[in-house]
$ cat protein-v6.cif   # mmCIF, C-alpha atoms
data_protein
#
loop_
_atom_site.label_atom_id
_atom_site.label_comp_id
_atom_site.auth_asym_id
_atom_site.auth_seq_id
_atom_site.Cartn_x
_atom_site.Cartn_y
_atom_site.Cartn_z
CA MET A 600 47.23 34.75 5.89
CA GLU A 601 45.70 34.91 2.41
CA ARG A 602 46.63 31.30 1.75
CA ARG A 603 45.19 30.21 5.10
CA ALA A 604 41.91 32.06 4.44
CA SER A 605 41.44 30.54 1.00
CA SER A 606 42.28 27.09 2.35
CA SER A 607 39.74 27.55 5.14
CA LEU A 608 37.11 28.46 2.59
CA LEU A 609 37.96 25.40 0.51
CA LEU A 610 37.76 23.20 3.59
CA CYS A 611 34.34 24.55 4.53
CA LEU A 612 33.02 24.06 1.02
CA LEU A 613 34.28 20.48 0.91
CA VAL A 614 32.75 19.60 4.25
CA LEU A 615 29.40 21.04 3.22
CA SER A 616 29.41 19.22 -0.11
CA LEU A 617 30.29 15.89 1.50
CA LEU A 618 27.73 16.25 4.25
CA ASN A 619 25.13 16.72 1.51
CA ALA A 620 26.49 13.98 -0.76
CA ASP A 621 23.52 11.70 -0.24
CA ASN A 622 21.15 14.49 -1.19
CA THR A 623 22.88 15.15 -4.50
CA VAL A 624 22.78 11.53 -5.65
CA TRP A 625 19.01 11.72 -6.03
CA ALA A 626 17.02 14.56 -7.49
CA GLN A 627 14.50 15.79 -4.92
CA GLN A 628 11.35 13.79 -5.54
CA LYS A 629 7.99 15.53 -5.65
CA PHE A 630 5.88 12.39 -5.37
CA GLY A 631 4.97 10.63 -2.14
CA ILE A 632 4.86 6.92 -1.42
CA ASN A 633 2.38 4.62 0.31
CA TYR A 634 4.09 2.47 2.93
CA GLY A 635 1.79 -0.51 3.49
CA GLN A 636 2.71 -3.27 5.92
CA ILE A 637 0.39 -6.22 5.22
CA ALA A 638 3.31 -8.62 5.02
CA ASN A 639 5.44 -10.81 7.26
CA ASN A 640 8.81 -10.19 5.60
CA LEU A 641 9.25 -6.41 5.55
CA PRO A 642 12.49 -4.72 6.66
CA ASP A 643 12.81 -2.83 9.93
CA PRO A 644 11.47 0.75 9.69
CA THR A 645 14.93 2.15 10.43
CA ARG A 646 16.21 0.56 7.22
CA VAL A 647 13.19 1.88 5.33
CA ALA A 648 13.96 5.38 6.62
CA GLY A 649 17.46 5.11 5.20
CA LEU A 650 16.14 3.84 1.88
CA LEU A 651 13.67 6.69 1.42
CA GLN A 652 16.20 9.29 2.55
CA SER A 653 18.70 7.99 -0.01
CA MET A 654 16.01 8.39 -2.67
CA ASN A 655 15.05 11.86 -1.39
CA VAL A 656 11.41 10.82 -1.08
CA ASN A 657 10.07 13.13 1.63
CA LYS A 658 6.35 12.29 1.73
CA VAL A 659 5.01 9.01 3.14
CA LYS A 660 1.48 7.79 3.70
CA LEU A 661 0.69 5.11 6.27
CA TYR A 662 -2.46 3.07 6.83
CA ASP A 663 -2.11 3.32 10.60
CA ALA A 664 0.02 5.28 13.05
CA ASP A 665 2.75 2.70 13.68
CA PRO A 666 4.95 4.13 16.47
CA LYS A 667 7.97 2.16 15.23
CA VAL A 668 7.75 3.85 11.86
CA LEU A 669 7.13 7.31 13.27
CA THR A 670 10.06 6.91 15.66
CA ALA A 671 12.37 5.60 12.92
CA PHE A 672 11.69 8.68 10.78
CA ALA A 673 12.28 11.22 13.57
CA ASN A 674 14.46 14.16 12.48
CA THR A 675 14.49 13.04 8.84
CA GLY A 676 12.22 15.82 7.59
CA VAL A 677 9.91 13.29 5.93
CA GLU A 678 6.24 14.33 5.98
CA PHE A 679 3.70 11.76 7.12
CA ILE A 680 0.04 11.09 6.53
CA ILE A 681 -1.12 8.74 9.28
CA ALA A 682 -4.45 6.97 9.52
CA ILE A 683 -7.38 6.05 11.72
CA GLY A 684 -8.99 2.83 10.47
CA ASN A 685 -12.61 2.34 9.41
CA GLU A 686 -13.20 0.24 12.51
CA ASN A 687 -12.67 3.32 14.71
CA ILE A 688 -14.93 5.75 12.88
CA GLN A 689 -18.05 5.15 14.96
CA THR A 690 -16.13 5.51 18.22
CA MET A 691 -14.53 8.78 17.08
CA ALA A 692 -17.89 10.13 15.91
CA THR A 693 -19.78 9.37 19.11
CA ASN A 694 -17.07 9.91 21.70
CA PRO A 695 -14.98 13.10 21.35
CA GLY A 696 -12.83 11.89 24.23
CA ALA A 697 -11.68 8.98 22.08
CA ALA A 698 -10.44 11.39 19.42
CA ARG A 699 -8.54 13.43 22.01
CA GLN A 700 -6.99 10.27 23.42
CA TRP A 701 -5.99 9.08 19.94
CA VAL A 702 -4.26 12.38 19.19
CA SER A 703 -2.49 12.34 22.55
CA GLN A 704 -1.19 8.81 21.93
CA HIS A 705 -0.45 8.82 18.20
CA VAL A 706 0.41 12.41 17.32
CA GLN A 707 1.65 14.47 20.24
CA PRO A 708 4.49 12.12 21.32
CA PHE A 709 6.05 12.29 17.83
CA ILE A 710 5.67 15.94 16.86
CA PRO A 711 7.80 17.89 16.04
CA ALA A 712 10.61 15.35 15.56
CA THR A 713 8.44 13.46 13.06
CA ARG A 714 6.56 15.69 10.62
CA ILE A 715 2.97 14.51 10.78
CA THR A 716 1.01 16.73 8.40
CA CYS A 717 -2.29 14.90 7.89
CA ILE A 718 -4.56 12.32 9.52
CA THR A 719 -6.89 10.30 7.34
CA VAL A 720 -10.08 9.13 9.03
CA GLY A 721 -11.18 5.96 7.26
CA ASN A 722 -10.31 4.64 3.83
CA GLU A 723 -12.75 4.34 0.93
CA VAL A 724 -15.73 4.63 3.29
CA PHE A 725 -18.18 5.37 0.48
CA GLY A 726 -17.15 2.25 -1.40
CA ASN A 727 -18.54 -0.34 0.99
CA ASN A 728 -22.24 0.63 0.99
CA ASP A 729 -22.23 1.01 4.78
CA MET A 730 -24.51 4.01 5.23
CA GLY A 731 -23.97 4.00 8.99
CA MET A 732 -20.23 4.40 8.51
CA ALA A 733 -20.83 7.04 5.83
CA ALA A 734 -23.03 9.00 8.22
CA ASN A 735 -20.38 8.87 10.94
CA LEU A 736 -17.47 9.92 8.73
CA VAL A 737 -17.70 13.71 8.97
CA PRO A 738 -18.55 13.71 12.70
CA ALA A 739 -15.45 11.55 13.26
CA MET A 740 -13.30 13.87 11.15
CA GLN A 741 -14.65 16.87 13.04
CA ALA A 742 -13.87 15.22 16.39
CA VAL A 743 -10.27 14.55 15.32
CA HIS A 744 -9.92 18.13 14.05
CA ASP A 745 -11.30 19.47 17.33
CA ALA A 746 -8.79 17.31 19.21
CA LEU A 747 -5.98 18.81 17.13
CA VAL A 748 -7.29 22.31 17.86
CA ALA A 749 -7.32 21.54 21.60
CA ALA A 750 -3.74 20.27 21.35
CA GLY A 751 -2.61 23.35 19.43
CA LEU A 752 -1.76 21.27 16.36
CA ALA A 753 -4.51 22.23 13.90
CA GLY A 754 -2.14 24.59 12.14
CA GLN A 755 0.29 21.75 11.43
CA VAL A 756 -1.97 18.73 10.90
CA THR A 757 -5.01 18.55 8.64
CA VAL A 758 -7.76 15.93 8.63
CA SER A 759 -9.07 14.15 5.53
CA SER A 760 -10.32 10.78 4.25
CA ALA A 761 -9.33 8.82 1.14
CA HIS A 762 -12.00 7.86 -1.42
CA SER A 763 -12.16 5.36 -4.26
CA ALA A 764 -13.65 5.91 -7.71
CA ALA A 765 -16.87 4.35 -6.33
CA VAL A 766 -17.71 7.77 -4.90
CA LEU A 767 -18.36 9.00 -8.46
CA ALA A 768 -21.54 8.27 -10.40
CA SER A 769 -19.98 9.70 -13.56
CA SER A 770 -16.38 10.41 -14.52
CA PHE A 771 -16.38 10.48 -18.32
CA PRO A 772 -16.12 12.88 -19.89
CA PRO A 773 -14.41 14.64 -16.97
CA SER A 774 -16.67 17.69 -17.20
CA SER A 775 -19.66 15.44 -16.40
CA GLY A 776 -18.12 14.31 -13.11
CA ALA A 777 -20.74 13.81 -10.40
CA PHE A 778 -20.90 12.10 -7.02
CA GLN A 779 -23.21 9.18 -6.32
CA GLU A 780 -26.65 10.52 -5.39
CA SER A 781 -26.99 8.06 -2.52
CA PHE A 782 -23.92 9.57 -0.86
CA ALA A 783 -24.85 13.22 -1.49
CA PRO A 784 -26.20 13.80 2.06
CA TYR A 785 -22.79 12.80 3.42
CA ILE A 786 -20.53 14.25 0.75
CA LYS A 787 -21.91 17.80 0.99
CA PRO A 788 -20.92 18.17 4.68
CA LEU A 789 -17.61 16.46 3.87
CA LEU A 790 -16.81 19.12 1.27
CA ASP A 791 -17.93 21.86 3.66
CA PHE A 792 -15.51 20.42 6.23
CA HIS A 793 -12.62 20.47 3.73
CA SER A 794 -13.46 24.05 2.75
CA LYS A 795 -13.64 25.21 6.36
CA THR A 796 -10.44 23.50 7.54
CA GLY A 797 -8.35 23.94 4.38
CA SER A 798 -7.76 20.23 3.93
CA ALA A 799 -7.55 18.35 0.63
CA PHE A 800 -9.94 15.83 -0.92
CA LEU A 801 -7.97 12.58 -1.19
CA PHE A 802 -8.70 10.30 -4.12
CA ASN A 803 -7.46 6.76 -4.83
CA ALA A 804 -7.24 6.46 -8.62
CA TYR A 805 -6.29 3.31 -10.54
CA PRO A 806 -6.43 3.47 -14.35
CA PHE A 807 -5.27 -0.15 -14.22
CA PHE A 808 -8.74 -1.22 -13.09
CA ALA A 809 -10.36 0.47 -16.10
CA TYR A 810 -7.93 -1.20 -18.50
CA LYS A 811 -8.24 -4.61 -16.85
CA GLY A 812 -12.03 -4.38 -16.96
CA ASP A 813 -12.25 -3.50 -20.66
CA PRO A 814 -8.92 -3.84 -22.50
CA GLY A 815 -10.68 -3.90 -25.85
CA SER A 816 -12.07 -0.39 -25.41
CA VAL A 817 -9.53 1.33 -23.12
CA SER A 818 -6.33 2.42 -24.85
CA LEU A 819 -3.19 1.12 -23.12
CA PRO A 820 -1.04 4.12 -24.19
CA TYR A 821 -3.77 6.40 -22.79
CA VAL A 822 -3.61 4.81 -19.33
CA LEU A 823 0.22 4.50 -19.35
CA PHE A 824 0.91 8.19 -20.19
CA GLN A 825 2.36 7.14 -23.54
CA PRO A 826 1.84 9.02 -26.84
CA ASN A 827 -1.78 8.76 -28.03
CA ALA A 828 -4.44 10.80 -29.81
CA GLY A 829 -6.00 11.85 -26.52
CA VAL A 830 -9.63 12.42 -25.57
CA ARG A 831 -11.35 15.76 -26.15
CA ASP A 832 -13.76 17.20 -23.61
CA GLY A 833 -15.02 20.54 -24.89
CA GLY A 834 -11.95 22.71 -25.29
CA LEU A 835 -9.74 20.45 -23.20
CA VAL A 836 -7.70 17.48 -24.42
CA TYR A 837 -6.70 14.65 -22.10
CA ASP A 838 -3.74 12.45 -23.01
CA ASN A 839 -4.06 10.19 -19.97
CA MET A 840 -6.80 8.73 -17.79
CA LEU A 841 -5.43 9.77 -14.40
CA TYR A 842 -5.72 13.49 -15.17
CA ALA A 843 -9.23 12.91 -16.51
CA GLN A 844 -10.18 11.22 -13.24
CA ILE A 845 -8.76 14.09 -11.19
CA ASP A 846 -10.71 16.67 -13.19
CA ALA A 847 -13.87 14.58 -12.87
CA VAL A 848 -13.55 14.99 -9.10
CA TYR A 849 -13.13 18.75 -9.50
CA ALA A 850 -16.25 18.81 -11.70
CA ALA A 851 -18.21 16.77 -9.15
CA MET A 852 -17.22 19.14 -6.35
CA LYS A 853 -18.25 22.13 -8.45
CA VAL A 854 -21.73 20.65 -8.84
CA MET A 855 -21.93 20.72 -5.04
CA GLY A 856 -20.84 24.33 -4.88
CA HIS A 857 -17.11 23.97 -4.16
CA THR A 858 -14.22 25.17 -6.29
CA ASP A 859 -11.95 25.87 -3.32
CA ILE A 860 -10.80 22.36 -2.38
CA PRO A 861 -7.57 20.82 -3.75
CA VAL A 862 -7.58 17.21 -4.96
CA LYS A 863 -4.65 14.98 -4.08
CA ILE A 864 -4.09 11.46 -5.38
CA SER A 865 -3.64 9.44 -2.21
CA GLU A 866 -3.07 6.19 -4.10
CA THR A 867 -2.22 5.26 -7.66
CA GLY A 868 -0.06 2.55 -9.10
CA TRP A 869 0.20 -0.46 -11.39
CA PRO A 870 0.87 -4.11 -10.48
CA SER A 871 3.95 -5.87 -11.83
CA LYS A 872 2.22 -9.25 -11.74
CA GLY A 873 -1.32 -10.61 -11.60
CA ASP A 874 -3.51 -13.63 -12.14
CA GLU A 875 -4.00 -14.99 -15.65
CA ASP A 876 -7.22 -13.03 -16.09
CA GLU A 877 -5.70 -9.73 -14.91
CA VAL A 878 -4.93 -8.21 -18.29
CA GLY A 879 -2.13 -5.66 -18.28
CA ALA A 880 -0.54 -6.63 -14.96
CA SER A 881 3.16 -6.80 -15.87
CA ALA A 882 6.49 -5.34 -14.85
CA GLN A 883 6.77 -3.62 -18.23
CA ASN A 884 3.46 -1.78 -17.82
CA ALA A 885 4.15 -0.99 -14.16
CA ALA A 886 7.49 0.55 -15.10
CA ALA A 887 5.84 2.61 -17.83
CA TYR A 888 2.95 3.82 -15.65
CA ASN A 889 4.95 4.77 -12.59
CA GLY A 890 7.96 6.07 -14.50
CA ASN A 891 5.95 8.30 -16.83
CA LEU A 892 3.81 9.54 -13.94
CA MET A 893 6.86 10.41 -11.87
CA GLN A 894 8.36 12.33 -14.79
CA ARG A 895 5.20 14.41 -15.11
CA VAL A 896 5.12 15.08 -11.39
CA ALA A 897 8.78 16.14 -11.54
CA MET A 898 7.85 18.63 -14.26
CA GLY A 899 5.22 20.19 -12.00
CA GLN A 900 2.50 19.38 -14.51
CA GLY A 901 -1.15 20.18 -13.82
CA THR A 902 -4.30 18.72 -15.34
CA PRO A 903 -6.04 20.28 -18.37
CA LEU A 904 -8.66 21.83 -16.07
CA LYS A 905 -6.09 23.02 -13.49
CA PRO A 906 -2.87 23.52 -15.49
CA ASN A 907 -1.30 25.77 -12.85
CA VAL A 908 -1.92 23.36 -9.96
CA PRO A 909 0.82 20.67 -9.92
CA VAL A 910 -0.55 17.16 -9.58
CA ASP A 911 0.09 15.85 -6.04
CA VAL A 912 0.51 12.07 -6.01
CA PHE A 913 1.28 9.26 -3.56
CA VAL A 914 2.42 6.19 -5.48
CA PHE A 915 1.19 2.79 -4.33
CA ALA A 916 3.29 1.16 -3.01
CA LEU A 917 6.74 1.00 -1.52
CA PHE A 918 6.96 -2.79 -1.09
CA ASN A 919 5.21 -5.88 -2.38
CA GLU A 920 2.99 -7.08 0.47
CA ASN A 921 2.76 -10.87 0.57
CA MET A 922 -0.20 -11.14 2.95
CA LYS A 923 -2.70 -8.93 1.15
CA PRO A 924 -5.89 -10.80 0.26
CA GLY A 925 -7.49 -10.83 -3.17
CA PRO A 926 -6.07 -11.42 -6.64
CA ALA A 927 -2.32 -11.74 -7.23
CA SER A 928 -2.08 -8.13 -8.35
CA GLU A 929 -2.86 -6.97 -4.80
CA ARG A 930 0.44 -8.45 -3.61
CA ASN A 931 2.48 -6.99 -6.47
CA TYR A 932 2.12 -3.21 -6.51
CA GLY A 933 5.47 -2.57 -4.82
CA LEU A 934 8.37 -0.67 -6.31
CA PHE A 935 10.67 -2.80 -4.18
CA TYR A 936 10.90 -6.33 -2.87
CA PRO A 937 11.20 -6.55 0.92
CA ASN A 938 14.96 -7.18 0.59
CA GLY A 939 15.40 -3.73 -0.93
CA SER A 940 15.94 -4.72 -4.55
CA PRO A 941 13.75 -2.99 -7.15
CA VAL A 942 10.96 -4.99 -8.74
CA TYR A 943 11.73 -3.20 -12.01
CA THR A 944 13.87 -0.31 -13.15
CA ILE A 945 12.14 2.95 -13.92
CA ASN A 946 13.12 6.50 -14.77
CA ALA A 947 11.61 8.77 -12.14
CA GLY A 948 12.56 11.65 -14.38
CA SER A 949 13.64 15.21 -13.90
CA PRO A 950 12.15 18.52 -15.01
CA GLY A 951 12.38 18.74 -18.76
CA GLY A 952 12.70 14.98 -19.21
CA SER A 953 10.67 13.04 -21.72
CA SER A 954 7.30 11.90 -20.53
CA SER A 955 6.96 9.15 -23.08
CA GLY A 956 9.37 6.95 -21.15
CA GLY A 957 9.90 3.45 -22.41
CA ALA A 958 9.13 0.69 -19.96
CA GLY A 959 12.12 -0.66 -18.17
CA SER A 960 14.35 2.29 -19.06
CA VAL A 961 17.35 2.83 -16.81
CA GLY A 962 16.58 5.50 -14.24
CA ARG A 963 19.56 7.09 -12.48
CA THR A 964 17.12 9.04 -10.34
CA PHE A 965 15.55 5.89 -8.96
CA ASP A 966 18.02 3.04 -9.35
CA PRO A 967 21.70 3.98 -9.66
CA TYR A 968 22.91 0.44 -8.94
CA SER A 969 20.59 -1.33 -11.37
CA SER A 970 19.40 -4.56 -9.75
CA GLN A 971 21.57 -4.31 -6.65
CA ASN A 972 20.06 -4.11 -3.19
CA MET A 973 18.98 -0.57 -2.36
CA PHE A 974 19.71 -0.91 1.35
CA SER A 975 23.36 -1.72 0.66
CA ALA A 976 23.49 0.99 -2.02
CA ALA A 977 22.35 3.67 0.42
CA SER A 978 24.81 2.41 3.02
CA ARG A 979 27.63 2.41 0.45
CA LEU A 980 26.96 6.02 -0.44
CA ARG A 981 27.15 7.08 3.20
CA ARG A 982 30.40 5.14 3.69
CA LEU A 983 31.87 6.74 0.56
CA SER A 984 31.09 10.23 1.86
CA LEU A 985 32.60 9.44 5.26
CA TRP A 986 35.80 7.87 3.91
CA THR A 987 36.35 10.72 1.46
CA LEU A 988 35.92 13.17 4.31
CA LEU A 989 38.41 11.30 6.50
CA LEU A 990 41.00 11.07 3.73
CA VAL A 991 40.85 14.66 2.51
CA LEU A 992 40.38 16.60 5.74
CA PRO A 993 43.92 15.90 7.10
CA MET A 994 45.49 17.12 3.85
CA LEU A 995 43.48 20.33 3.84
CA SER A 996 44.03 20.88 7.54
CA ALA A 997 47.78 20.79 6.94
CA LEU A 998 47.41 23.75 4.61
CA LEU A 999 46.07 25.83 7.45
CA TRP A 1000 49.24 25.57 9.53
#

$ encode --input "protein-v6.cif" --output "structure tokens"
Amino acid sequence: MERRASSSLLLCLLVLSLLNADNTVWAQQKFGINYGQIANNLPDPTRVAGLLQSMNVNKVKLYDADPKVLTAFANTGVEFIIAIGNENIQTMATNPGAARQWVSQHVQPFIPATRITCITVGNEVFGNNDMGMAANLVPAMQAVHDALVAAGLAGQVTVSSAHSAAVLASSFPPSSGAFQESFAPYIKPLLDFHSKTGSAFLFNAYPFFAYKGDPGSVSLPYVLFQPNAGVRDGGLVYDNMLYAQIDAVYAAMKVMGHTDIPVKISETGWPSKGDEDEVGASAQNAAAYNGNLMQRVAMGQGTPLKPNVPVDVFVFALFNENMKPGPASERNYGLFYPNGSPVYTINAGSPGGSSSGGAGSVGRTFDPYSSQNMFSAASRLRRLSLWTLLLVLPMLSALLW
């Protein structure tokens, strides 16, 4: 009996370890990823779900509410931010029934199997100088929130909107952060909404733009999280631009009377390729920026102003998107090509890892098969677990009888 009991325990432990094999290959990632789809060559969402699960990335941000994606990720545990486009803001603001209908069509059918945790209403609304849209933003957000309340989902799903750096009149030094005066009548009620509903202020931050615009004055190590002398702001020292931008937003909110709203980075990234005049757009710099950022996120690092609040980041983007308009860089922010192979190898890091990270360093956390296709890699891991289980279980079962 004693032998049978110990064998049973061994069998149970083996089964549990093999069932969780995929989860031990990757360290649990703390960063999220933006899953854009402005392309005509992207893989099926079911394959993308497998890819992100194999990487243990459990936070995804969409730019719509694609039902194929939401269905593909059902029962995966991945958290989703879904979106209502700028073109729908006026309708949502002026017709509460439209907000209720949107929630009934794009949220309720998928919850709870798919973990929708936030809805963004509009993207970078204050960056297009459309005062009509700016005026409608908070009413639209309120209508969506009210629709969630009516559906009994307000406790699970928050409402926010993502903003570009154009919302700030000043960001350097960070303590001088202030919002654009022309948007003040719209930003104050926006912040009041966030405070009342407990939702985060979402900020799209791209140090790449600052470097590209003035490479002679902006330090490349400073924007890439590499060793540098840093920038002093009173008693605080900043060794990277992203954290300075985050704290500038906190300072701007404080000017408007709010210190109770968290800031999340809804987009940040670095292009691996660009046009000839896009200084700094390279795979080497992209690997350094994203790799060093991911290491800091893995360490649970906060900013100098908020050292005890871990930086919350969604990296842009999952795939290169070949149909995005604009300069070449816009089509080359992806971590992966559409066929699943990595654009470059980075070290996503682990707590306690170095944050200086050389560009192009081998990253077991992010790319265990080097340049091989990630879709086949994830599939191979699952097959390995299954075959090991099938081979070993009969031998252990024999011990029980």

$ closest_atom_pairs --input "protein-v6.cif" --of "segment 734-789 of chain A" --to "segment 857-861 of chain A" --cutoff "12 Å" --atoms "all atoms listed in the file" --output "Markdown table"
| residue | atom | partner | partner_atom | distance |
| --- | --- | --- | --- | --- |
| A:Ser759 | CA | A:Pro861 | CA | 11.5 |
| A:Ile786 | CA | A:His857 | CA | 11.4 |
| A:Lys787 | CA | A:His857 | CA | 9.4 |
| A:Pro788 | CA | A:His857 | CA | 11.2 |
| A:Leu789 | CA | A:Ile860 | CA | 11.0 |

$ resolve_selection --input "protein-v6.cif" --expression "the PyMOL selection byres ((chain A and resi 753) around 12)" --output "list in words"
Val702, Val706, Gln707, Ile715, Thr716, Cys717, Ile718, Gln741, Ala742, Val743, His744, Asp745, Ala746, Leu747, Val748, Ala749, Ala750, Gly751, Leu752, Gly754, Gln755, Val756, Thr757, Val758, Thr796, Gly797 and Ser798 of chain A

$ closest_residue --input "protein-v6.cif" --among "A:Pro695, A:Ser653, A:Asn640, A:Val720" --to "Ile683 of chain A" --atoms "all atoms listed in the file"
A:Val720

$ closest_residue --input "protein-v6.cif" --among "A:Ala843, A:Val822, A:Ala682, A:Val942" --to "Lys872 of chain A" --atoms "only C-alpha atoms"
A:Val942

$ atom_distance --input "protein-v6.cif" --atom1 "atom CA of Ser871 of chain A" --atom2 "atom CA of Leu934 of chain A"
8.8 Å

$ residues_around --input "protein-v6.cif" --residues "Ile681 of chain A" --least-positions-apart "2" --cutoff "6 Å" --atoms "only C-alpha atoms" --output "mmCIF file with C-alpha atoms, keeping the file's coordinate frame"
data_model
loop_
_atom_site.group_PDB
_atom_site.id
_atom_site.type_symbol
_atom_site.label_atom_id
_atom_site.label_comp_id
_atom_site.auth_asym_id
_atom_site.auth_seq_id
_atom_site.Cartn_x
_atom_site.Cartn_y
_atom_site.Cartn_z
ATOM 1 C CA LEU A 661 0.690 5.110 6.270
ATOM 2 C CA ASP A 663 -2.110 3.320 10.600
ATOM 3 C CA ALA A 664 0.020 5.280 13.050
ATOM 4 C CA ILE A 718 -4.560 12.320 9.520
#

$ atom_distance --input "protein-v6.cif" --atom1 "atom CA of Met855 of chain A" --atom2 "atom CA of Pro784 of chain A"
10.8 Å

$ residues_around --input "protein-v6.cif" --residues "Val854 of chain A" --least-positions-apart "6" --cutoff "9 Å" --atoms "all atoms listed in the file" --output "ChimeraX atom specification"
/A:776-778

$ atom_distance --input "protein-v6.cif" --atom1 "atom CA of Gln883 of chain A" --atom2 "atom CA of Lys811 of chain A"
15.1 Å

$ build_atoms --input "protein-v6.cif" --residues "segment 783-803 of chain A" --atoms "N, CA and C atoms" --output "compact mmCIF listing (two decimals), keeping the file's coordinate frame"
# COMPACT_ATOMS: atom_id res chain seq x y z
N ALA A 783 -24.79 11.75 -1.51
CA ALA A 783 -24.85 13.22 -1.49
C ALA A 783 -25.09 13.80 -0.09
N PRO A 784 -25.98 13.22 0.73
CA PRO A 784 -26.20 13.80 2.06
C PRO A 784 -24.95 13.77 2.95
N TYR A 785 -24.00 12.91 2.62
CA TYR A 785 -22.79 12.80 3.42
C TYR A 785 -21.61 13.53 2.77
N ILE A 786 -21.64 13.61 1.45
CA ILE A 786 -20.53 14.25 0.75
C ILE A 786 -20.60 15.78 0.87
N LYS A 787 -21.79 16.34 0.86
CA LYS A 787 -21.91 17.80 0.99
C LYS A 787 -21.27 18.30 2.30
N PRO A 788 -21.61 17.72 3.46
CA PRO A 788 -20.92 18.17 4.68
C PRO A 788 -19.43 17.84 4.69
N LEU A 789 -19.03 16.78 3.98
CA LEU A 789 -17.61 16.46 3.87
C LEU A 789 -16.88 17.59 3.14
N LEU A 790 -17.43 18.04 2.03
CA LEU A 790 -16.81 19.12 1.27
C LEU A 790 -16.82 20.42 2.08
N ASP A 791 -17.89 20.66 2.81
CA ASP A 791 -17.93 21.86 3.66
C ASP A 791 -16.83 21.80 4.72
N PHE A 792 -16.58 20.60 5.24
CA PHE A 792 -15.51 20.42 6.23
C PHE A 792 -14.15 20.74 5.60
N HIS A 793 -13.89 20.20 4.42
CA HIS A 793 -12.62 20.47 3.73
C HIS A 793 -12.45 21.97 3.49
N SER A 794 -13.52 22.62 3.04
CA SER A 794 -13.46 24.05 2.75
C SER A 794 -13.16 24.85 4.02
N LYS A 795 -13.79 24.48 5.11
CA LYS A 795 -13.64 25.21 6.36
C LYS A 795 -12.25 25.01 6.97
N THR A 796 -11.72 23.80 6.88
CA THR A 796 -10.44 23.50 7.54
C THR A 796 -9.24 23.63 6.62
N GLY A 797 -9.47 23.80 5.31
CA GLY A 797 -8.35 23.94 4.38
C GLY A 797 -7.66 22.64 4.04
N SER A 798 -8.34 21.54 4.23
CA SER A 798 -7.76 20.23 3.93
C SER A 798 -8.12 19.78 2.52
N ALA A 799 -7.38 18.82 2.01
CA ALA A 799 -7.55 18.35 0.63
C ALA A 799 -8.50 17.17 0.56
N PHE A 800 -9.15 17.02 -0.60
CA PHE A 800 -9.94 15.83 -0.92
C PHE A 800 -8.98 14.78 -1.45
N LEU A 801 -8.90 13.64 -0.80
CA LEU A 801 -7.97 12.58 -1.19
C LEU A 801 -8.69 11.53 -2.03
N PHE A 802 -8.06 11.17 -3.15
CA PHE A 802 -8.70 10.30 -4.12
C PHE A 802 -7.76 9.17 -4.51
N ASN A 803 -8.23 7.93 -4.40
CA ASN A 803 -7.46 6.76 -4.83
C ASN A 803 -7.85 6.43 -6.27
